[in-house]
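Data from target_10.pdb: PDB, C-alpha atoms
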```
ATOM      1  CA  MET G   1       8.803 -42.759 189.675  1.00  0.00           C
ATOM      2  CA  THR G   2       9.616 -41.975 186.055  1.00  0.00           C
ATOM      3  CA  GLU G   3       6.393 -39.996 185.629  1.00  0.00           C
ATOM      4  CA  GLN G   4       7.243 -37.837 188.656  1.00  0.00           C
ATOM      5  CA  GLN G   5      10.794 -37.311 187.359  1.00  0.00           C
ATOM      6  CA  LEU G   6       9.345 -36.188 184.026  1.00  0.00           C
ATOM      7  CA  ASN G   7       6.957 -33.793 185.766  1.00  0.00           C
ATOM      8  CA  ASP G   8       9.869 -32.351 187.765  1.00  0.00           C
ATOM      9  CA  ALA G   9      12.043 -31.891 184.658  1.00  0.00           C
ATOM     10  CA  VAL G  10       9.233 -30.255 182.681  1.00  0.00           C
ATOM     11  CA  HIS G  11       8.444 -28.006 185.661  1.00  0.00           C
ATOM     12  CA  ARG G  12      12.072 -26.798 185.876  1.00  0.00           C
ATOM     13  CA  LEU G  13      12.141 -26.095 182.145  1.00  0.00           C
ATOM     14  CA  THR G  14       8.781 -24.349 181.821  1.00  0.00           C
ATOM     15  CA  ARG G  15       7.924 -22.778 185.203  1.00  0.00           C
ATOM     16  CA  ASN G  16       9.593 -20.762 187.934  1.00  0.00           C
ATOM     17  CA  HIS G  17      10.844 -23.178 190.570  1.00  0.00           C
ATOM     18  CA  ARG G  18      12.722 -23.446 193.847  1.00  0.00           C
ATOM     19  CA  VAL G  19      16.333 -24.554 194.028  1.00  0.00           C
ATOM     20  CA  THR G  20      18.500 -25.530 196.973  1.00  0.00           C
ATOM     21  CA  HIS G  21      21.609 -23.411 197.475  1.00  0.00           C
ATOM     22  CA  THR G  22      24.393 -24.362 199.876  1.00  0.00           C
ATOM     23  CA  ASP G  23      26.842 -21.600 200.757  1.00  0.00           C
ATOM     24  CA  PRO G  24      30.325 -23.005 200.045  1.00  0.00           C
ATOM     25  CA  HIS G  25      31.833 -21.026 202.933  1.00  0.00           C
ATOM     26  CA  THR G  26      29.278 -21.444 205.708  1.00  0.00           C
ATOM     27  CA  GLY G  27      27.540 -24.627 204.602  1.00  0.00           C
ATOM     28  CA  LYS G  28      24.203 -22.896 205.232  1.00  0.00           C
ATOM     29  CA  THR G  29      21.357 -24.115 203.014  1.00  0.00           C
ATOM     30  CA  SER G  30      18.743 -21.777 201.561  1.00  0.00           C
ATOM     31  CA  TYR G  31      15.925 -22.175 199.057  1.00  0.00           C
ATOM     32  CA  LEU G  32      15.641 -19.721 196.185  1.00  0.00           C
ATOM     33  CA  THR G  33      12.942 -19.222 193.553  1.00  0.00           C
ATOM     34  CA  VAL G  34      14.419 -18.955 190.056  1.00  0.00           C
ATOM     35  CA  LEU G  35      13.018 -18.389 186.579  1.00  0.00           C
ATOM     36  CA  SER G  36      12.175 -21.335 184.363  1.00  0.00           C
ATOM     37  CA  LEU G  37      15.156 -22.701 182.444  1.00  0.00           C
ATOM     38  CA  PHE G  38      13.527 -21.817 179.118  1.00  0.00           C
ATOM     39  CA  THR G  39      13.181 -18.198 180.319  1.00  0.00           C
ATOM     40  CA  GLN G  40      16.792 -18.165 181.484  1.00  0.00           C
ATOM     41  CA  LEU G  41      17.911 -19.482 178.097  1.00  0.00           C
ATOM     42  CA  ARG G  42      15.918 -16.746 176.320  1.00  0.00           C
ATOM     43  CA  GLN G  43      17.600 -14.140 178.525  1.00  0.00           C
ATOM     44  CA  GLU G  44      21.015 -15.623 177.762  1.00  0.00           C
ATOM     45  CA  GLN G  45      20.336 -15.178 174.052  1.00  0.00           C
ATOM     46  CA  ALA G  46      19.358 -11.562 174.642  1.00  0.00           C
ATOM     47  CA  SER G  47      22.667 -10.947 176.415  1.00  0.00           C
ATOM     48  CA  GLY G  48      24.379 -11.500 173.058  1.00  0.00           C
ATOM     49  CA  ASN G  49      22.619  -8.425 171.658  1.00  0.00           C
ATOM     50  CA  ARG G  50      24.414  -6.110 174.074  1.00  0.00           C
ATOM     51  CA  ARG G  51      26.937  -3.986 172.253  1.00  0.00           C
ATOM     52  CA  SER G  52      30.500  -3.855 173.454  1.00  0.00           C
ATOM     53  CA  GLY G  53      32.462  -0.605 173.517  1.00  0.00           C
ATOM     54  CA  GLY G  54      30.900   2.728 172.514  1.00  0.00           C
ATOM     55  CA  SER G  55      27.385   3.323 171.261  1.00  0.00           C
ATOM     56  CA  LYS G  56      28.570   3.350 167.633  1.00  0.00           C
ATOM     57  CA  SER G  57      30.147  -0.081 167.897  1.00  0.00           C
ATOM     58  CA  THR G  58      28.473  -2.779 165.869  1.00  0.00           C
ATOM     59  CA  GLY G  59      29.310  -5.246 168.624  1.00  0.00           C
ATOM     60  CA  SER G  60      29.056  -9.007 168.312  1.00  0.00           C
ATOM     61  CA  ARG G  61      27.434 -11.906 170.070  1.00  0.00           C
ATOM     62  CA  SER G  62      29.517 -13.503 172.763  1.00  0.00           C
ATOM     63  CA  PRO G  63      30.336 -17.213 172.312  1.00  0.00           C
ATOM     64  CA  ILE G  64      28.007 -18.130 175.171  1.00  0.00           C
ATOM     65  CA  ALA G  65      25.117 -16.250 173.510  1.00  0.00           C
ATOM     66  CA  ILE G  66      25.795 -18.023 170.220  1.00  0.00           C
ATOM     67  CA  ASN G  67      25.659 -21.344 172.086  1.00  0.00           C
ATOM     68  CA  ALA G  68      22.395 -20.256 173.710  1.00  0.00           C
ATOM     69  CA  VAL G  69      20.866 -19.334 170.339  1.00  0.00           C
ATOM     70  CA  THR G  70      21.932 -22.661 168.826  1.00  0.00           C
ATOM     71  CA  LEU G  71      20.630 -24.704 171.765  1.00  0.00           C
ATOM     72  CA  TRP G  72      17.311 -22.821 171.812  1.00  0.00           C
ATOM     73  CA  SER G  73      16.903 -23.384 168.079  1.00  0.00           C
ATOM     74  CA  GLU G  74      17.514 -27.120 168.522  1.00  0.00           C
ATOM     75  CA  ILE G  75      14.999 -27.288 171.391  1.00  0.00           C
ATOM     76  CA  ARG G  76      12.287 -25.467 169.427  1.00  0.00           C
ATOM     77  CA  GLU G  77      12.845 -27.648 166.363  1.00  0.00           C
ATOM     78  CA  THR G  78      12.629 -30.846 168.401  1.00  0.00           C
ATOM     79  CA  LEU G  79       9.465 -29.671 170.159  1.00  0.00           C
ATOM     80  CA  SER G  80       7.816 -28.794 166.846  1.00  0.00           C
ATOM     81  CA  THR G  81       8.718 -32.214 165.446  1.00  0.00           C
ATOM     82  CA  ARG G  82       7.339 -33.992 168.531  1.00  0.00           C
ATOM     83  CA  PHE G  83       4.199 -31.845 168.526  1.00  0.00           C
ATOM     84  CA  ILE G  84       3.520 -32.753 164.883  1.00  0.00           C
ATOM     85  CA  ALA G  85       4.115 -36.427 165.707  1.00  0.00           C
ATOM     86  CA  PHE G  86       1.311 -36.637 168.280  1.00  0.00           C
ATOM     87  CA  THR G  87      -1.129 -34.028 166.884  1.00  0.00           C
ATOM     88  CA  GLY G  88      -0.600 -34.322 163.126  1.00  0.00           C
ATOM     89  CA  LYS G  89       0.063 -30.593 162.709  1.00  0.00           C
ATOM     90  CA  ASP G  90       2.225 -27.799 164.106  1.00  0.00           C
ATOM     91  CA  ASP G  91       1.104 -24.615 165.833  1.00  0.00           C
ATOM     92  CA  THR G  92       3.705 -21.907 165.264  1.00  0.00           C
ATOM     93  CA  ASN G  93       1.929 -19.585 167.707  1.00  0.00           C
ATOM     94  CA  MET G  94       2.181 -22.026 170.606  1.00  0.00           C
ATOM     95  CA  LEU G  95       4.929 -21.405 173.134  1.00  0.00           C
ATOM     96  CA  PRO G  96       7.676 -24.045 173.452  1.00  0.00           C
ATOM     97  CA  GLU G  97       6.673 -24.360 177.130  1.00  0.00           C
ATOM     98  CA  THR G  98       3.154 -25.435 176.127  1.00  0.00           C
ATOM     99  CA  LYS G  99       4.451 -27.856 173.485  1.00  0.00           C
ATOM    100  CA  LEU G 100       6.712 -29.540 176.031  1.00  0.00           C
ATOM    101  CA  GLN G 101       3.908 -29.787 178.583  1.00  0.00           C
ATOM    102  CA  LYS G 102       1.565 -31.292 175.976  1.00  0.00           C
ATOM    103  CA  TRP G 103       4.287 -33.713 174.853  1.00  0.00           C
ATOM    104  CA  ALA G 104       4.749 -34.863 178.459  1.00  0.00           C
ATOM    105  CA  VAL G 105       0.994 -35.407 178.881  1.00  0.00           C
ATOM    106  CA  SER G 106       0.772 -37.327 175.595  1.00  0.00           C
ATOM    107  CA  THR G 107       3.368 -39.857 176.796  1.00  0.00           C
ATOM    108  CA  LEU G 108       0.946 -41.158 179.430  1.00  0.00           C
ATOM    109  CA  ALA G 109      -1.060 -42.889 176.698  1.00  0.00           C
ATOM    110  CA  ASP G 110       1.881 -45.211 175.966  1.00  0.00           C
ATOM    111  CA  THR G 111       1.495 -48.135 178.365  1.00  0.00           C
ATOM    112  CA  THR G 112       4.977 -49.468 177.523  1.00  0.00           C
ATOM    113  CA  GLY G 113       6.599 -46.484 179.261  1.00  0.00           C
ATOM    114  CA  ARG G 114       8.989 -45.894 176.355  1.00  0.00           C
ATOM    115  CA  SER G 115       7.430 -42.528 175.460  1.00  0.00           C
ATOM    116  CA  ILE G 116       7.855 -41.244 179.013  1.00  0.00           C
ATOM    117  CA  GLU G 117      11.489 -42.375 179.054  1.00  0.00           C
ATOM    118  CA  THR G 118      12.205 -40.620 175.733  1.00  0.00           C
ATOM    119  CA  CYS G 119      10.574 -37.396 176.887  1.00  0.00           C
ATOM    120  CA  LEU G 120      12.331 -37.582 180.271  1.00  0.00           C
ATOM    121  CA  ARG G 121      15.723 -38.217 178.690  1.00  0.00           C
ATOM    122  CA  THR G 122      15.253 -35.279 176.311  1.00  0.00           C
ATOM    123  CA  ALA G 123      13.948 -32.887 178.981  1.00  0.00           C
ATOM    124  CA  THR G 124      16.726 -33.818 181.407  1.00  0.00           C
ATOM    125  CA  THR G 125      19.379 -33.322 178.733  1.00  0.00           C
ATOM    126  CA  TRP G 126      17.961 -29.878 177.961  1.00  0.00           C
ATOM    127  CA  ALA G 127      17.817 -28.908 181.640  1.00  0.00           C
ATOM    128  CA  THR G 128      21.393 -30.018 182.257  1.00  0.00           C
ATOM    129  CA  SER G 129      22.625 -28.282 179.097  1.00  0.00           C
ATOM    130  CA  ILE G 130      20.900 -24.994 179.952  1.00  0.00           C
ATOM    131  CA  GLU G 131      22.215 -25.023 183.517  1.00  0.00           C
ATOM    132  CA  SER G 132      25.749 -25.811 182.327  1.00  0.00           C
ATOM    133  CA  LEU G 133      25.576 -23.030 179.748  1.00  0.00           C
ATOM    134  CA  ILE G 134      24.232 -20.351 182.089  1.00  0.00           C
ATOM    135  CA  SER G 135      26.124 -21.138 185.285  1.00  0.00           C
ATOM    136  CA  PRO G 136      28.976 -23.469 184.520  1.00  0.00           C
ATOM    137  CA  THR G 137      30.024 -25.242 187.711  1.00  0.00           C
ATOM    138  CA  PRO G 138      33.018 -27.560 187.622  1.00  0.00           C
ATOM    139  CA  ARG G 139      31.677 -31.104 187.860  1.00  0.00           C
ATOM    140  CA  ILE G 140      33.576 -34.354 188.088  1.00  0.00           C
ATOM    141  CA  GLU G 141      32.414 -37.463 186.295  1.00  0.00           C
ATOM    142  CA  VAL G 142      31.401 -40.416 188.474  1.00  0.00           C
ATOM    143  CA  ARG G 143      31.700 -43.884 186.985  1.00  0.00           C
ATOM    144  CA  GLY G 144      28.917 -46.381 187.450  1.00  0.00           C
ATOM    145  CA  ALA G 145      25.261 -46.894 186.614  1.00  0.00           C
ATOM    146  CA  CYS G 146      22.671 -44.550 188.111  1.00  0.00           C
ATOM    147  CA  PRO G 147      20.790 -46.406 190.896  1.00  0.00           C
ATOM    148  CA  ALA G 148      17.564 -44.658 189.824  1.00  0.00           C
ATOM    149  CA  CYS G 149      17.530 -45.312 186.073  1.00  0.00           C
ATOM    150  CA  ALA G 150      20.507 -47.645 185.414  1.00  0.00           C
ATOM    151  CA  ALA G 151      21.990 -45.270 182.806  1.00  0.00           C
ATOM    152  CA  THR G 152      25.789 -45.158 182.581  1.00  0.00           C
ATOM    153  CA  HIS G 153      26.009 -42.207 180.182  1.00  0.00           C
ATOM    154  CA  ALA G 154      24.131 -39.003 179.343  1.00  0.00           C
ATOM    155  CA  TRP G 155      24.403 -36.214 176.788  1.00  0.00           C
ATOM    156  CA  THR G 156      25.099 -32.523 177.408  1.00  0.00           C
ATOM    157  CA  TRP G 157      25.258 -29.551 175.060  1.00  0.00           C
ATOM    158  CA  ASP G 158      28.769 -28.180 174.636  1.00  0.00           C
ATOM    159  CA  GLN G 159      30.249 -26.012 171.887  1.00  0.00           C
ATOM    160  CA  ASP G 160      27.323 -26.425 169.489  1.00  0.00           C
ATOM    161  CA  GLU G 161      27.066 -30.184 169.818  1.00  0.00           C
ATOM    162  CA  TYR G 162      25.929 -32.888 172.198  1.00  0.00           C
ATOM    163  CA  VAL G 163      28.741 -34.573 174.110  1.00  0.00           C
ATOM    164  CA  ARG G 164      28.533 -38.009 175.750  1.00  0.00           C
ATOM    165  CA  ASN G 165      29.491 -38.013 179.445  1.00  0.00           C
ATOM    166  CA  THR G 166      29.086 -40.327 182.382  1.00  0.00           C
ATOM    167  CA  ALA G 167      25.491 -40.260 183.607  1.00  0.00           C
ATOM    168  CA  ILE G 168      26.423 -39.142 187.118  1.00  0.00           C
ATOM    169  CA  THR G 169      28.442 -35.987 187.732  1.00  0.00           C
ATOM    170  CA  ALA G 170      29.151 -34.284 191.040  1.00  0.00           C
ATOM    171  CA  THR G 171      30.250 -31.072 192.698  1.00  0.00           C
ATOM    172  CA  ARG G 172      31.382 -30.720 196.299  1.00  0.00           C
ATOM    173  CA  HIS G 173      27.777 -30.442 197.446  1.00  0.00           C
ATOM    174  CA  GLU G 174      25.633 -32.613 195.197  1.00  0.00           C
ATOM    175  CA  ALA G 175      25.586 -35.328 192.559  1.00  0.00           C
ATOM    176  CA  ARG G 176      23.162 -35.574 189.665  1.00  0.00           C
ATOM    177  CA  CYS G 177      22.224 -38.058 186.981  1.00  0.00           C
ATOM    178  CA  GLY G 178      22.165 -36.352 183.602  1.00  0.00           C
ATOM    179  CA  ALA G 179      19.927 -39.085 182.185  1.00  0.00           C
ATOM    180  CA  CYS G 180      16.991 -39.017 184.606  1.00  0.00           C
ATOM    181  CA  GLY G 181      17.615 -35.909 186.702  1.00  0.00           C
ATOM    182  CA  THR G 182      17.847 -37.658 190.082  1.00  0.00           C
ATOM    183  CA  THR G 183      19.883 -35.562 192.531  1.00  0.00           C
ATOM    184  CA  TRP G 184      21.742 -36.609 195.673  1.00  0.00           C
ATOM    185  CA  ALA G 185      22.790 -34.094 198.325  1.00  0.00           C
ATOM    186  CA  GLY G 186      24.021 -34.183 201.907  1.00  0.00           C
ATOM    187  CA  ALA G 187      24.027 -37.662 203.424  1.00  0.00           C
ATOM    188  CA  ASP G 188      22.500 -39.054 200.232  1.00  0.00           C
ATOM    189  CA  ILE G 189      25.855 -38.523 198.479  1.00  0.00           C
ATOM    190  CA  HIS G 190      27.473 -40.986 200.893  1.00  0.00           C
ATOM    191  CA  ASP G 191      24.689 -43.490 200.221  1.00  0.00           C
ATOM    192  CA  LEU G 192      25.267 -43.052 196.486  1.00  0.00           C
ATOM    193  CA  ALA G 193      29.003 -43.624 196.878  1.00  0.00           C
ATOM    194  CA  GLU G 194      28.340 -46.760 198.906  1.00  0.00           C
ATOM    195  CA  THR G 195      25.852 -48.070 196.327  1.00  0.00           C
ATOM    196  CA  LEU G 196      28.251 -47.437 193.447  1.00  0.00           C
ATOM    197  CA  GLY G 197      31.088 -49.004 195.411  1.00  0.00           C
ATOM    198  CA  GLN G 198      29.087 -52.180 196.019  1.00  0.00           C
ATOM    199  CA  ALA G 199      28.116 -52.378 192.338  1.00  0.00           C
ATOM    200  CA  ALA G 200      31.755 -52.071 191.288  1.00  0.00           C
TER     201      ALA G 200
END
```

Could I get this file's structure written as structure tokens?
Amino acid sequence: MTEQQLNDAVHRLTRNHRVTHTDPHTGKTSYLTVLSLFTQLRQEQASGNRRSGGSKSTGSRSPIAINAVTLWSEIRETLSTRFIAFTGKDDTNMLPETKLQKWAVSTLADTTGRSIETCLRTATTWATSIESLISPTPRIEVRGACPACAATHAWTWDQDEYVRNTAITATRHEARCGACGTTWAGADIHDLAETLGQAA
């Protein structure tokens, strides 16, 4: 299960992927293809280069673009460090997408499963942080341990730093574990609530 969760997280970060969208007014569900989260984060950085006011204005980066630049820098640095750890050298010409994919593949050699868990936790944190930065949706914190990974807390990027939150957060339409990336929607949300209620 963890290996599949890692594959899903890496796929969302590095490749175009489909997402489920539920219209808040009609309740109708549709499936959209969106750009990879890394690509979306690159575009968010570029938005900070847009000048405000007239053409002679020097302009300035918006706070959200500054956050995007800082997060992207942290991601690239971590990927370079991990790449050096399992190859013995860095490749500055290699895309971050490729480094993450190679990191994920390298974890399979660790029979203890700890490497997969570390990579999954990191990738999920990045995915959640990018999504929160680009399209902030009000989420409520849900107390309790995630039924999928047993985590009670997760980290998200906020205002140039990682912030510790409850592992599970929810909107009106879905709940998600920020530690392993497991998502509950529709009737599954009721099952999650029942499971958490029994554990409490």

Please report as a Markdown table every residue of region 61-171 of chain G lying within 12 Å of region 190-194 of chain G, along with the nearest atom pair and their distance in Å (one decimal), using only C-alpha atoms.
```
| residue | atom | partner | partner_atom | distance |
| --- | --- | --- | --- | --- |
| G:Val142 | CA | G:Ala193 | CA | 9.3 |
| G:Arg143 | CA | G:Ala193 | CA | 10.3 |
| G:Gly144 | CA | G:Ala193 | CA | 9.8 |
| G:Ala145 | CA | G:Leu192 | CA | 10.6 |
| G:Cys146 | CA | G:Leu192 | CA | 8.9 |
| G:Pro147 | CA | G:Leu192 | CA | 7.9 |
| G:Ala148 | CA | G:Leu192 | CA | 10.3 |
| G:Ile168 | CA | G:Leu192 | CA | 10.2 |
| G:Thr169 | CA | G:Leu192 | CA | 11.7 |
| G:Ala170 | CA | G:Ala193 | CA | 11.0 |
```

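Our summary of the geometry notes that CA of Ser30 (chain G) is positioned 23.4 Å from CA of Gly178 (chain G).
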
Please report the interatomic distance between CA of Leu6 (chain G) and CA of Leu120 (chain G) in Å with one decimal.
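Result for CA of Leu6 (chain G) versus CA of Leu120 (chain G): 5.0 Å, one decimal.
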
Residues picked by the PyMOL selection byres ((chain G and resi 41) around 8) here, as a PyMOL selection string?
chain G and resi 37-40+42-45+68+72+130+134

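Note that CA of Ser36 (chain G) and CA of His17 (chain G) are 6.6 Å apart.
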
Could you tell me which of G:Tyr31, G:Trp126, G:Trp103, G:Phe86 comes closest to Ser73 (chain G) if we count only C-alpha atoms?
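Answer, going by the shortest atom-to-atom distance: G:Trp126.
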